[in-house]
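**Q** Provided herewith is a single structure, encoded as structure tokens, for subsequent inquiry.
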Amino acid sequence: MNQKHHIVFFTGAGISQESGIETFRDTNGLWHNNKIEDIASKEGFEKKPQKVLDFYNERRIKVEKVQPNLAHELIASLEDRYKVSVITQNVDDLHERAGSSNVLHLHGELNKCRSSKDASFIYPCTKPIQVGDLAEDASQLRPHIVWFGEEVTEIEKAIEITQTADLFIIIGTSMVVQPAGSLLLSVPVDAQTVYIDTNPDVEEGINLLVLKEKATDGMKQLVEDYLPY
Ligand code: OAD
């Protein structure tokens with residue numbers, strides 16, 4: 001690996017777990033304590049808008065209080081030596097706060113809100129969103145989050161980035177949500193893939209190294225053993 005090589009990270013909730021953010025599908029994860037259709041769908045929002053707004057308002061406050069962890073920091077530090085892209089399913093901003101400069105959010109961003117009619121009216125979210133807060137098109141403001149049943153508009157960009165990877169590193173995702181989970185299919189055949197997860201549900205293969213580790217330990221090991229200074 002040298003400076004011209006492109007390392008693409010594909011991250012999920014597991015990378016932020018050690019910062020204190022719950023994952024979705026682990027025991028006590030967000031989808032164990034909340035019904036997806038109530039909280040993460042347009043229909044749920046139409047039925048109980050303030051309940052949905054409060055769910056994301058609380059999560060936004062929580063994210064503001066936590067810090068990026070060593071896994072986020074090591075990813076950012078690799079920019080000194082390689083071309084690095086981060087594709088994340090996470091809606092927190094911990095990659096950016098750790099210093100990553102090239103982050104693509106597939107499922108939206110908690111610190112932004114948008115019009116509920118026109119997805120192109122996006123604003124920074126500086127305070128909790130309430131029913132009655134309006135966008136410039138007079139529609140109710142909603143979190144800038146991709147809900148189930150909605151289009152993942154950034155997936156094409158993510159595929160293009162993945163197609164140019166020399167090293168593809170997956171961290172802390174169950175890979176079950178589509179289309180994100182299929183991104184692996186776009187990794188070039190001659191690229192190496194590494195999967196770091198506490199509970200990886202895949203078999204190791206010629207081009208696939210599996211590290212059954214927490215994100216921080218897995219990233220430390222990866223940098224020491226495979227990407228040393
Ligand atoms: P999941 O909750 O489905 O999966 C989390 C993964 O992280 C699991 O594979 C865990 O084994 C692993 N994990 C847990 N703690 C870890 C740690 N400390 N270090 C490393 N791995 C750890 O979360 P995602 O795959 O991110 O979408 O979920 C994908 C999407 O489903 C989310 O973006 C969200 C959700 O519904 C939307 O809200 C649109």
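Lettering and numbering for the structure tokens are positional, with chains as A, B, ... in the shown order, residues counted from 1 in each chain, and ligands counted from 1 in the shown order.
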What's around segment 202-218 of chain A at 9 Å? Count only C-alpha atoms, leave out sequence neighbours fewer than 3 positions away in its own chain, and write the answer as a list in words.

**A** Gly14, Ile15, Ser16, Gln17, Glu18, Asn69, Leu70, Ala71, His72, Leu74, Ile171, Gly172, Val189, Asp190, Ala191, Gln192, Thr193, Val194, Tyr195, Ile196, Asp197, Thr198, Asn199, Gln221, Leu222 and Val223 of chain A

**Q** Show which residues sit within 8 Å of segment 105-115 of chain A, as a count of residues only. Count only C-alpha atoms, and ignore same-chain residues fewer than 2 positions away.

**A** 40

**Q** Could you pull out the alpha helix (DSSP H) residues of segment 59-97 of chain A from DSSP and send them as a PyMOL selection string?

**A** chain A and resi 59-65+70-77+94-97

**Q** For C-alpha atoms, I'd like the residues from the last selection saved as a compact mmCIF listing (two decimals), in the first residue's frame.

**A**
```
# COMPACT_ATOMS: atom_id res chain seq x y z
CA ARG A 59 -30.58 11.20 19.80
CA ARG A 60 -29.13 14.50 18.51
CA ILE A 61 -28.56 15.74 22.07
CA LYS A 62 -26.94 12.44 23.00
CA VAL A 63 -24.56 12.53 20.02
CA GLU A 64 -23.52 16.10 20.89
CA LYS A 65 -22.45 14.86 24.33
CA LEU A 70 -9.97 5.60 18.67
CA ALA A 71 -11.48 3.80 15.66
CA HIS A 72 -12.82 7.08 14.23
CA GLU A 73 -9.46 8.75 15.03
CA LEU A 74 -7.31 6.07 13.39
CA ILE A 75 -9.42 6.25 10.23
CA ALA A 76 -8.89 10.02 10.09
CA SER A 77 -5.15 9.66 10.74
CA LEU A 94 -18.24 11.34 14.84
CA HIS A 95 -16.17 10.66 11.70
CA GLU A 96 -16.12 14.37 10.88
CA ARG A 97 -15.33 15.34 14.47
```

**Q** For ligand 1, which residue out of A:Phe45, A:Phe10, A:Tyr82, A:Tyr226 is the nearest one, using only C-alpha atoms and all ligand atoms?

**A**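 The answer is A:Phe10, which sits nearest to ligand 1.
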
**Q** Mind pulling up the distance from atom CA of Ser101 of chain A to atom 24 (P, counted along the ligand's line) of ligand 1?

**A**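 According to the coordinates, atom 24 (P, counted along the ligand's line) of ligand 1 and atom CA of Ser101 of chain A are separated by 21.8 Å.
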
**Q** If you run DSSP over the backbone, which residues in segment 44-142 of chain A end up strand (DSSP E)? Put them as a list of chain:residue names.

**A** A:Lys83, A:Val84, A:Ser85, A:Val86, A:Ile87, A:Thr88, A:Val103, A:Leu104, A:His105, A:Gly108, A:Glu109, A:Leu110, A:Asn111, A:Lys112, A:Cys113, A:Arg114, A:Ser115, A:Ile122, A:Tyr123, A:Pro124, A:Leu141, A:Arg142

**Q** Could you take the residues named above and write them with C-alpha atoms, as a PDB file, in the first residue's frame?

**A**
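Saved to again20.pdb:
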```
ATOM      1  CA  LYS A  83      -6.406   8.472  -0.092  1.00  0.00           C
ATOM      2  CA  VAL A  84      -9.230   7.698   2.347  1.00  0.00           C
ATOM      3  CA  SER A  85     -12.987   7.708   1.811  1.00  0.00           C
ATOM      4  CA  VAL A  86     -15.586   6.977   4.461  1.00  0.00           C
ATOM      5  CA  ILE A  87     -19.034   5.734   3.521  1.00  0.00           C
ATOM      6  CA  THR A  88     -21.174   5.541   6.633  1.00  0.00           C
ATOM      7  CA  VAL A 103     -17.424  11.311   4.541  1.00  0.00           C
ATOM      8  CA  LEU A 104     -20.539  10.209   2.666  1.00  0.00           C
ATOM      9  CA  HIS A 105     -23.655   9.655   4.804  1.00  0.00           C
ATOM     10  CA  GLY A 108     -28.753  11.128   6.432  1.00  0.00           C
ATOM     11  CA  GLU A 109     -27.404  13.281   9.229  1.00  0.00           C
ATOM     12  CA  LEU A 110     -28.858  13.977  12.664  1.00  0.00           C
ATOM     13  CA  ASN A 111     -27.529  17.518  12.790  1.00  0.00           C
ATOM     14  CA  LYS A 112     -29.543  18.521   9.738  1.00  0.00           C
ATOM     15  CA  CYS A 113     -33.264  18.907   9.148  1.00  0.00           C
ATOM     16  CA  ARG A 114     -35.277  19.235   5.977  1.00  0.00           C
ATOM     17  CA  SER A 115     -38.605  20.059   4.409  1.00  0.00           C
ATOM     18  CA  ILE A 122     -31.895  20.976   3.912  1.00  0.00           C
ATOM     19  CA  TYR A 123     -30.816  23.100   6.900  1.00  0.00           C
ATOM     20  CA  PRO A 124     -28.441  22.817   9.851  1.00  0.00           C
ATOM     21  CA  LEU A 141     -39.514  20.356   9.213  1.00  0.00           C
ATOM     22  CA  ARG A 142     -38.371  16.768   9.733  1.00  0.00           C
TER      23      ARG A 142
END
```

**Q** Do a neighbour search on Asn2 of chain A at 9 Å with only C-alpha atoms, toss out local chain neighbours closer than 3 positions, and write the hits as number ranges by chain.

**A** A: 5-6, 81-82

**Q** Could those selected residues go to a file with all heavy atoms, as a PDB file, in the first residue's frame?

**A**
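Here's the written file again-v1.pdb:
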```pdb
ATOM      1  N   HIS A   5      -2.779   4.633  -3.048  1.00  0.00           N
ATOM      2  CA  HIS A   5      -3.827   3.642  -2.815  1.00  0.00           C
ATOM      3  C   HIS A   5      -5.034   4.248  -2.116  1.00  0.00           C
ATOM      4  O   HIS A   5      -4.908   5.165  -1.304  1.00  0.00           O
ATOM      5  CB  HIS A   5      -3.271   2.453  -2.017  1.00  0.00           C
ATOM      6  CG  HIS A   5      -2.433   1.552  -2.867  1.00  0.00           C
ATOM      7  ND1 HIS A   5      -1.117   1.308  -2.619  1.00  0.00           N
ATOM      8  CD2 HIS A   5      -2.754   0.850  -3.979  1.00  0.00           C
ATOM      9  CE1 HIS A   5      -0.639   0.479  -3.545  1.00  0.00           C
ATOM     10  NE2 HIS A   5      -1.616   0.199  -4.384  1.00  0.00           N
ATOM     11  N   HIS A   6      -6.179   3.708  -2.466  1.00  0.00           N
ATOM     12  CA  HIS A   6      -7.445   4.246  -1.958  1.00  0.00           C
ATOM     13  C   HIS A   6      -8.031   3.270  -0.930  1.00  0.00           C
ATOM     14  O   HIS A   6      -8.363   2.130  -1.268  1.00  0.00           O
ATOM     15  CB  HIS A   6      -8.407   4.411  -3.151  1.00  0.00           C
ATOM     16  CG  HIS A   6      -9.677   5.098  -2.817  1.00  0.00           C
ATOM     17  ND1 HIS A   6     -10.774   5.089  -3.652  1.00  0.00           N
ATOM     18  CD2 HIS A   6     -10.051   5.843  -1.737  1.00  0.00           C
ATOM     19  CE1 HIS A   6     -11.755   5.783  -3.100  1.00  0.00           C
ATOM     20  NE2 HIS A   6     -11.347   6.250  -1.936  1.00  0.00           N
ATOM     21  N   ARG A  81      -1.415   9.375   4.933  1.00  0.00           N
ATOM     22  CA  ARG A  81      -0.601   8.461   4.118  1.00  0.00           C
ATOM     23  C   ARG A  81      -1.313   7.883   2.914  1.00  0.00           C
ATOM     24  O   ARG A  81      -0.681   7.350   2.024  1.00  0.00           O
ATOM     25  CB  ARG A  81      -0.100   7.319   5.002  1.00  0.00           C
ATOM     26  CG  ARG A  81       0.847   7.798   6.057  1.00  0.00           C
ATOM     27  CD  ARG A  81       1.348   6.653   6.873  1.00  0.00           C
ATOM     28  NE  ARG A  81       0.347   6.156   7.795  1.00  0.00           N
ATOM     29  CZ  ARG A  81       0.188   4.879   8.090  1.00  0.00           C
ATOM     30  NH1 ARG A  81       0.934   3.970   7.514  1.00  0.00           N
ATOM     31  NH2 ARG A  81      -0.723   4.506   8.965  1.00  0.00           N
ATOM     32  N   TYR A  82      -2.650   7.939   2.922  1.00  0.00           N
ATOM     33  CA  TYR A  82      -3.404   7.315   1.830  1.00  0.00           C
ATOM     34  C   TYR A  82      -4.552   8.212   1.413  1.00  0.00           C
ATOM     35  O   TYR A  82      -4.939   9.129   2.127  1.00  0.00           O
ATOM     36  CB  TYR A  82      -4.006   5.974   2.300  1.00  0.00           C
ATOM     37  CG  TYR A  82      -2.985   5.011   2.850  1.00  0.00           C
ATOM     38  CD1 TYR A  82      -2.859   4.823   4.222  1.00  0.00           C
ATOM     39  CD2 TYR A  82      -2.149   4.308   1.995  1.00  0.00           C
ATOM     40  CE1 TYR A  82      -1.915   3.942   4.736  1.00  0.00           C
ATOM     41  CE2 TYR A  82      -1.199   3.426   2.507  1.00  0.00           C
ATOM     42  CZ  TYR A  82      -1.083   3.255   3.870  1.00  0.00           C
ATOM     43  OH  TYR A  82      -0.152   2.390   4.369  1.00  0.00           O
TER      44      TYR A  82
END
```

**Q** Please tabulate, as a Markdown table, the residues of segment 132-217 of chain A that come within 9 Å of segment 19-36 of chain A, each with its closest pair of atoms and the distance in Å to one decimal, counting only C-alpha atoms and ordering rows by chain, then residue number upward.

**A**
```
| residue | atom | partner | partner_atom | distance |
| --- | --- | --- | --- | --- |
| A:Phe148 | CA | A:Ile36 | CA | 8.1 |
| A:Gly172 | CA | A:Thr23 | CA | 9.0 |
| A:Thr173 | CA | A:Thr23 | CA | 8.9 |
| A:Ser174 | CA | A:Arg25 | CA | 8.0 |
```

**Q** Of the residues A:Glu150, A:Glu224, A:Asp80, A:Glu58, which is the one nearest to ligand 1, using only C-alpha atoms and all ligand atoms?

**A**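 Answer, going by the shortest atom-to-atom distance: A:Glu150.
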
**Q** Grab the atom 34 (C, counted along the ligand's line) of ligand 1 to atom CA of Glu151 of chain A distance for me, in Å with one decimal place.

**A** 13.4 Å
